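Asks: My file is coords_38.cif. It has mmCIF, C-alpha atoms:
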data_model
loop_
_atom_site.label_atom_id
_atom_site.label_comp_id
_atom_site.auth_asym_id
_atom_site.auth_seq_id
_atom_site.Cartn_x
_atom_site.Cartn_y
_atom_site.Cartn_z
CA MET A 103 146.71 -61.57 -74.85
CA ALA A 104 150.42 -61.27 -74.02
CA ARG A 105 152.66 -63.96 -75.40
CA GLN A 106 155.76 -65.56 -73.98
CA VAL A 107 159.10 -64.70 -75.56
CA ALA A 108 162.16 -66.70 -74.68
CA GLU A 109 164.79 -64.04 -75.34
CA ARG A 110 165.20 -60.32 -75.73
CA SER A 111 166.45 -60.80 -79.30
CA ASP A 112 163.09 -62.35 -80.23
CA THR A 113 161.47 -58.93 -79.74
CA ILE A 114 163.78 -56.97 -82.06
CA PRO A 115 162.02 -57.63 -85.42
CA ALA A 116 158.63 -56.66 -83.99
CA LEU A 117 160.08 -53.56 -82.35
CA ALA A 118 161.77 -52.58 -85.62
CA ASN A 119 158.43 -52.77 -87.40
CA VAL A 120 156.80 -50.65 -84.71
CA PHE A 121 159.47 -47.94 -85.02
CA ARG A 122 159.31 -48.08 -88.83
CA THR A 123 155.53 -47.70 -88.74
CA TYR A 124 155.03 -45.21 -85.90
CA GLY A 125 158.41 -43.53 -85.49
CA PHE A 126 160.04 -43.18 -82.10
CA ASP A 127 157.59 -40.65 -80.66
CA GLY A 128 154.52 -42.43 -82.03
CA ALA A 129 155.60 -45.77 -80.61
CA SER A 130 153.81 -45.51 -77.27
CA LEU A 131 154.02 -48.35 -74.81
CA ALA A 132 150.43 -49.26 -75.72
CA VAL A 133 151.35 -49.49 -79.41
CA ILE A 134 154.48 -51.49 -78.62
CA THR A 135 152.62 -54.00 -76.44
CA GLU A 136 149.87 -54.33 -79.04
CA HIS A 137 152.25 -55.01 -81.92
CA THR A 138 154.77 -57.17 -80.08
CA GLY A 139 152.16 -59.16 -78.17
CA LEU A 140 154.18 -58.67 -74.99
CA GLY A 141 153.00 -57.31 -71.70
CA LYS A 142 154.60 -54.29 -70.08
CA GLY A 143 156.33 -56.50 -67.53
CA SER A 144 158.03 -58.58 -70.22
CA LEU A 145 159.09 -55.48 -72.12
CA TYR A 146 160.60 -53.85 -69.04
CA ASN A 147 162.25 -57.12 -68.10
CA PHE A 148 164.03 -57.14 -71.48
CA PHE A 149 164.48 -53.35 -71.69
CA PRO A 150 164.71 -51.81 -68.20
CA ARG A 151 165.38 -48.32 -69.62
CA GLY A 152 162.20 -48.50 -71.67
CA LYS A 153 161.57 -47.30 -75.20
CA GLU A 154 164.98 -45.67 -75.63
CA GLU A 155 166.71 -48.97 -74.88
CA MET A 156 164.33 -50.73 -77.29
CA ALA A 157 165.26 -48.30 -80.06
CA GLU A 158 168.98 -48.69 -79.28
CA ALA A 159 168.63 -52.47 -79.52
CA VAL A 160 166.86 -52.19 -82.87
CA LEU A 161 169.50 -49.78 -84.24
CA ASP A 162 172.26 -52.10 -82.99
CA GLU A 163 170.62 -55.04 -84.77
CA VAL A 164 170.24 -53.13 -88.04
CA ASP A 165 173.79 -51.80 -87.76
CA GLY A 166 175.14 -55.31 -87.17
CA TRP A 167 173.29 -56.62 -90.20
CA PHE A 168 174.63 -53.83 -92.40
CA ARG A 169 178.17 -54.37 -91.14
CA THR A 170 178.03 -58.06 -92.01
CA GLU A 171 175.99 -57.93 -95.21
CA VAL A 172 176.99 -54.58 -96.74
CA PHE A 173 180.01 -52.84 -95.16
CA GLU A 174 182.36 -55.80 -94.80
CA PRO A 175 181.67 -57.13 -98.33
CA LEU A 176 182.33 -53.65 -99.73
CA ARG A 177 185.78 -53.79 -98.12
CA ALA A 178 186.57 -57.34 -99.29
CA GLU A 179 189.68 -56.69 -101.39
CA SER A 180 189.65 -60.28 -102.67
CA VAL A 181 186.47 -59.44 -104.62
CA PRO A 182 186.64 -57.17 -107.68
CA PRO A 183 185.33 -53.65 -106.93
CA ARG A 184 182.61 -53.85 -109.59
CA GLN A 185 181.24 -57.02 -108.02
CA ARG A 186 181.33 -55.47 -104.52
CA ILE A 187 179.31 -52.48 -105.70
CA GLN A 188 176.79 -54.56 -107.63
CA SER A 189 176.37 -56.84 -104.62
CA MET A 190 175.79 -53.84 -102.34
CA PHE A 191 173.00 -52.52 -104.55
CA ALA A 192 171.34 -55.94 -104.75
CA THR A 193 171.62 -56.56 -100.99
CA VAL A 194 170.36 -53.08 -100.10
CA ALA A 195 167.44 -53.34 -102.56
CA ASP A 196 166.45 -56.62 -100.94
CA TYR A 197 166.76 -55.21 -97.43
CA PHE A 198 164.75 -52.08 -98.18
CA ARG A 199 162.34 -54.12 -100.30
CA SER A 200 163.06 -51.89 -103.29
CA GLY A 201 162.19 -48.75 -101.37
CA GLN A 202 159.09 -50.02 -99.60
CA ARG A 203 160.81 -50.47 -96.22
CA ILE A 204 161.81 -47.42 -94.23
CA CYS A 205 165.44 -46.97 -93.20
CA LEU A 206 165.37 -46.54 -89.44
CA PHE A 207 168.69 -44.72 -89.42
CA GLY A 208 167.39 -42.34 -92.07
CA ALA A 209 164.15 -41.79 -90.17
CA PHE A 210 165.99 -41.25 -86.89
CA ALA A 211 168.29 -38.73 -88.60
CA LEU A 212 165.34 -36.50 -89.48
CA GLY A 213 163.30 -36.20 -86.30
CA GLU A 214 163.92 -35.37 -82.68
CA GLU A 215 165.34 -38.90 -82.34
CA ARG A 216 168.55 -37.45 -83.79
CA ASN A 217 169.25 -35.79 -80.45
CA ARG A 218 169.06 -39.18 -78.67
CA PHE A 219 170.64 -41.43 -81.27
CA GLY A 220 172.81 -39.01 -83.25
CA ALA A 221 176.08 -40.83 -82.62
CA LYS A 222 174.66 -44.17 -83.81
CA VAL A 223 173.07 -42.55 -86.85
CA ARG A 224 176.26 -40.71 -87.79
CA THR A 225 178.38 -43.84 -87.36
CA TYR A 226 176.05 -45.85 -89.61
CA PHE A 227 176.21 -43.31 -92.45
CA ASP A 228 179.96 -42.68 -91.99
CA GLU A 229 180.61 -46.42 -92.05
CA TRP A 230 178.52 -46.99 -95.15
CA THR A 231 180.17 -44.11 -97.01
CA ALA A 232 183.67 -45.22 -96.00
CA ALA A 233 183.02 -48.84 -97.00
CA LEU A 234 181.66 -47.78 -100.37
CA GLU A 235 184.59 -45.44 -100.84
CA ALA A 236 186.91 -48.42 -100.23
CA ALA A 237 185.17 -50.32 -103.05
CA LEU A 238 185.62 -47.29 -105.32
CA VAL A 239 189.38 -47.42 -104.97
CA GLY A 240 190.99 -45.78 -107.98
CA ALA A 241 187.86 -43.89 -109.00
CA GLU A 242 188.09 -40.13 -109.30
CA ASP A 243 186.41 -38.43 -106.31
CA SER A 244 185.57 -41.70 -104.57
CA THR A 245 184.41 -39.81 -101.47
CA GLY A 246 181.94 -37.69 -103.42
CA LEU A 247 180.67 -40.70 -105.36
CA ALA A 248 180.17 -42.69 -102.16
CA GLU A 249 178.31 -39.81 -100.49
CA GLU A 250 176.09 -39.32 -103.55
CA ALA A 251 175.27 -43.01 -103.72
CA VAL A 252 174.31 -43.37 -100.05
CA ALA A 253 172.32 -40.13 -100.15
CA GLY A 254 170.71 -41.24 -103.42
CA ILE A 255 169.67 -44.59 -101.98
CA GLN A 256 168.16 -42.87 -98.94
CA GLY A 257 166.39 -40.34 -101.13
CA ALA A 258 165.08 -43.10 -103.39
CA ILE A 259 163.59 -44.85 -100.34
CA VAL A 260 161.82 -41.67 -99.26
CA MET A 261 160.55 -40.81 -102.74
CA SER A 262 159.46 -44.36 -103.48
CA ARG A 263 157.50 -44.47 -100.22
CA ALA A 264 156.03 -41.00 -100.76
CA LEU A 265 154.82 -41.89 -104.24
CA ASP A 266 153.98 -45.50 -103.32
CA ASP A 267 155.93 -46.52 -106.40
CA GLY A 268 158.75 -49.06 -106.03
CA ALA A 269 159.81 -48.36 -109.60
CA VAL A 270 161.20 -44.99 -108.47
CA TYR A 271 163.63 -46.76 -106.15
CA SER A 272 164.69 -49.13 -108.92
CA ARG A 273 165.23 -46.38 -111.49
CA VAL A 274 167.26 -44.18 -109.15
CA THR A 275 169.43 -46.95 -107.75
CA THR A 276 170.05 -48.46 -111.20
CA ARG A 277 171.40 -45.09 -112.36
CA LEU A 278 173.51 -44.78 -109.22
CA GLU A 279 174.92 -48.27 -109.67
CA ASP A 280 175.74 -47.59 -113.32
CA GLN A 281 177.44 -44.32 -112.36
CA LEU A 282 179.64 -46.08 -109.78
CA VAL A 283 180.55 -48.96 -112.06
CA GLN A 284 181.47 -46.52 -114.83
CA ALA A 285 183.63 -44.55 -112.41
CA LEU A 286 185.72 -47.70 -111.91
CA THR A 287 186.46 -47.98 -115.62
CA PRO A 288 189.82 -46.36 -116.43
#
Go through the file and emit its structure as structure tokens.
Replies:
Amino acid sequence: MARQVAERSDTIPALANVFRTYGFDGASLAVITEHTGLGKGSLYNFFPRGKEEMAEAVLDEVDGWFRTEVFEPLRAESVPPRQRIQSMFATVADYFRSGQRICLFGAFALGEERNRFGAKVRTYFDEWTAALEAALVGAEDSTGLAEEAVAGIQGAIVMSRALDDGAVYSRVTTRLEDQLVQALTP
């Protein structure tokens, strides 16, 4: 039975879970209505352009969260760089549930979704790398270190999910964090 939702934003967490579970192509309208509990009319009322608009809204929500919780704190010059990096790893581990939660931007970078959402995906990864690079101020090859760390986190998510072993995520990201913190030491 369809349920009433007061606002469009109320649908975003459920839609995010649908896209994480089924991907963009696998998230049919039937799957979306089943998992959100909303009827087609409600969904099209909130998202007149359909599934593409739903995915855009989810990516915007995730991007906004990362800007506030990860990117901006990485750029906070009033906080020591080591603390900014350690905080990023802790926040990201919590968000991705130590590798058990799929990164939608990472997933959308790999499939046909990239053609639709490429600009958003690129901006997310560029922003994350640039923010981390800002926290690595003074480190040799801060750009390379930032790229390695973001790629390593994404790879750790994939491998942890593939092996159904959250310890993989923890081991990989602990090494990455240690590498970045050591790079800050003169």
Asks: Quick one: apply the PyMOL selection byres ((chain A and resi 215) around 12) to the file and drop the selected residues here as a PyMOL selection string.
Replies: chain A and resi 121+125-128+153-154+157-158+161+206-214+216-223
Asks: To one decimal place, how far is CA of Asp165 in chain A from CA of Val120 in chain A in Å?
Replies: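 Between CA of Asp165 in chain A and CA of Val120 in chain A the gap is 17.3 Å.
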Asks: List as a ChimeraX atom specification the protein and nucleic acid residues near Val172 in chain A, meaning an atom at most 10 Å away when all atoms listed in the file are counted, but skip any in the same chain fewer than 3 places from it.
Replies: /A:165-169,175-177,186-187,189-194,230,233-234
Asks: Identify all residues satisfying the PyMOL selection byres ((chain A and resi 277) around 12) in the given file; provide them as a list of chain:residue names.
Replies: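 Evaluating the PyMOL selection byres ((chain A and resi 277) around 12) on this file yields A:Gln188, A:Phe191, A:Glu250, A:Ala251, A:Gly254, A:Ile255, A:Ala258, A:Val270, A:Tyr271, A:Ser272, A:Arg273, A:Val274, A:Thr275, A:Thr276, A:Leu278, A:Glu279, A:Asp280, A:Gln281, A:Leu282, A:Val283, A:Gln284.
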Asks: Show me the residues around (155.9, -52.4, -71.5) - criterion: an atom at most 10 Å away, all atoms listed in the file counted - as a PyMOL selection string.
Replies: chain A and resi 130-136+138+140-150+152-153
Asks: Find, counting all atoms listed in the file, the residue in A:Val239, A:Ala269, A:Gly201, A:Arg263 that gets nearest to Pro182 in chain A.
Replies: A:Val239
Asks: What is the distance between CA of Ala116 in chain A and CA of Ala159 in chain A, in Å to one decimal?
Replies: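 Separation of CA of Ala116 in chain A and CA of Ala159 in chain A: 11.7 Å.
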Asks: Using Å and a single decimal, report how far CA of Glu249 in chain A sits from CA of Cys205 in chain A.
Replies: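 Going from CA of Cys205 in chain A over to CA of Glu249 in chain A covers 16.4 Å.
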